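Peer 1: Quick one: this structure, given as structure tokens, is what I'll be asking you about.
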Amino acid sequence: MIKMTPVEVYKTYVSLKNHFTKLDYDYIKYNGKVRASESSFYKRKDRFWFEKLSRQKKDEEIVNFFISNFALIDDPQQVWIGEIIKNGEDNYKEWQKRIQSLSYFFREEIETTFLNENFDNVFYISGSKHPKILKLFLSKKVSLETLIILDKILGYKNNFDAKLKDPIWELVSNKIHKYSPFLNIDISKYKEILKQAVIPK
């Protein structure tokens, strides 16, 4: 099996960081291609971290490791590669757990969200106040995956984008937009889970 070289790990890191931080870069559209060169890699004082990651993980794991961390980090633009690799394993393991049991986590979060709550109220925006669904995400009671699945089903994000003009929502909106292409889900399956959770028994 041919494994990623440290340079390839570096280019994967740059391309995924660009994807999550730059509006005009799309990792999937450009197939991960970036202008980062081998010479620029060997000039980096932190190349040790890329060498370490290339030894520790398989190719697919490296891609998912970066995706899981860039999706969870508050400001991916400011994060340093050493910090991701030193502290990112917990994020990656938590992400793996959620993805492997995504329907279970979605059901749990949805049932808690809509317990004794009017459906429309969860997404209602009063002036510039954050709606309940966003508050639940910010307090870590609802995951980014659940926000994305709900948007795929309900399409609420465009309404939020039009009405919420604050840096917090803009950051979350960008995360939804950038992470969504990596989340392949069966919409009909999740629609049924949502229906079962919100329709009174």
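Simple scheme: letters A, B, ... for chains in structure tokens order, numbers from 1 for residues in each chain, numbers from 1 for ligands in the order shown.
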Extract, using only C-alpha atoms, all DNA, RNA and protein residues at most 7 Å from range 184-198 of chain A, discarding same-chain residues fewer than 6 positions from it, and format them as a ChimeraX atom specification.
Peer 2: /A:107,110-111,114,153
Peer 1: How far is it from CA of Ile99 in chain A to CA of Phe160 in chain A, in Å with one decimal?
Peer 2: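 Computed distance, CA of Ile99 in chain A to CA of Phe160 in chain A, equals 25.7 Å.
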Peer 1: Near Asn87 in chain A, counting only C-alpha atoms, which residues have an atom at most 12 Å away, once you skip same-chain residues fewer than 5 positions from it, shown as number ranges by chain?
Peer 2: A: 65-66, 69, 73, 79-82, 92-93
Peer 1: List the neighbours of range 146-148 of chain A out to 12 Å using only C-alpha atoms; skip same-chain residues closer than 6 positions along the sequence, and give me the result as an NGL selection string.
Peer 2: :A and (71 or 98-99 or 102-111 or 113 or 122-123 or 132-138 or 140 or 154-157 or 172-185 or 187 or 190-191 or 193-194)
Peer 1: Would you mind exporting the chosen residues as a CSV table (one decimal), in the first residue's frame, restricted to C-alpha atoms?
Peer 2:
chain,number,residue,atom,x,y,z
A,71,ALA,CA,-15.2,21.5,11.3
A,98,ARG,CA,-20.8,10.5,15.8
A,99,ILE,CA,-20.5,9.6,12.2
A,102,LEU,CA,-25.1,9.4,13.2
A,103,SER,CA,-28.8,8.4,13.0
A,104,TYR,CA,-28.7,7.6,16.8
A,105,PHE,CA,-27.1,10.9,17.7
A,106,PHE,CA,-29.5,12.8,15.4
A,107,ARG,CA,-32.6,11.1,17.0
A,108,GLU,CA,-31.3,11.8,20.5
A,109,GLU,CA,-30.6,15.5,19.8
A,110,ILE,CA,-33.9,16.0,17.9
A,111,GLU,CA,-36.0,14.4,20.6
A,113,THR,CA,-34.7,19.8,21.1
A,122,VAL,CA,-37.1,26.3,17.5
A,123,PHE,CA,-36.3,28.2,14.3
A,132,LYS,CA,-33.2,28.3,19.9
A,133,ILE,CA,-31.6,25.8,17.4
A,134,LEU,CA,-28.5,28.1,17.2
A,135,LYS,CA,-28.4,28.5,21.0
A,136,LEU,CA,-28.4,24.8,21.4
A,137,PHE,CA,-25.6,24.4,19.0
A,138,LEU,CA,-23.5,27.1,20.7
A,140,LYS,CA,-23.0,22.0,22.5
A,154,LEU,CA,-35.9,22.1,6.0
A,155,GLY,CA,-33.6,24.7,4.2
A,156,TYR,CA,-33.6,27.1,7.1
A,157,LYS,CA,-30.1,28.4,6.6
A,172,VAL,CA,-21.7,28.8,12.0
A,173,SER,CA,-23.2,29.4,8.6
A,174,ASN,CA,-19.8,29.1,6.9
A,175,LYS,CA,-19.2,25.8,8.8
A,176,ILE,CA,-22.5,24.4,7.6
A,177,HIS,CA,-21.7,25.4,4.1
A,178,LYS,CA,-18.2,24.1,4.1
A,179,TYR,CA,-18.7,20.8,6.0
A,180,SER,CA,-22.0,19.8,4.3
A,181,PRO,CA,-20.4,18.3,1.2
A,182,PHE,CA,-18.5,15.8,3.3
A,183,LEU,CA,-21.7,14.6,5.1
A,184,ASN,CA,-23.3,12.0,2.8
A,185,ILE,CA,-26.7,11.1,4.2
A,187,ILE,CA,-32.3,12.5,3.4
A,190,TYR,CA,-33.6,11.4,8.4
A,191,LYS,CA,-36.9,13.0,7.4
A,193,ILE,CA,-36.6,10.3,12.1
A,194,LEU,CA,-37.5,13.9,12.4
Peer 1: Provide the CA of Asn158 in chain A to CA of Asp24 in chain A distance in Å, to one decimal place.
Peer 2: 18.8 Å
Peer 1: May I ask which of the residues A:Ser68, A:Gln78, A:Asn116, A:Ser101 is the closest one to Leu144 in chain A, counting only C-alpha atoms?
Peer 2: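 Looking only at the distances to Leu144 in chain A, the closest residue turns out to be A:Ser68.
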Peer 1: Of the residues A:Glu83, A:Asp75, A:Asp151, A:Glu60, which is the one nearest to Ile168 in chain A, using only C-alpha atoms?
Peer 2: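 Checking each candidate against Ile168 in chain A, we get A:Asp75 as the closest.
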Peer 1: Set the distance at 10 Å and use only C-alpha atoms: which residues neighbour Asp166 in chain A once local chain neighbours fewer than 4 positions away are removed? I'd like the list as a PyMOL selection string.
Peer 2: chain A and resi 128-130+161+170-171
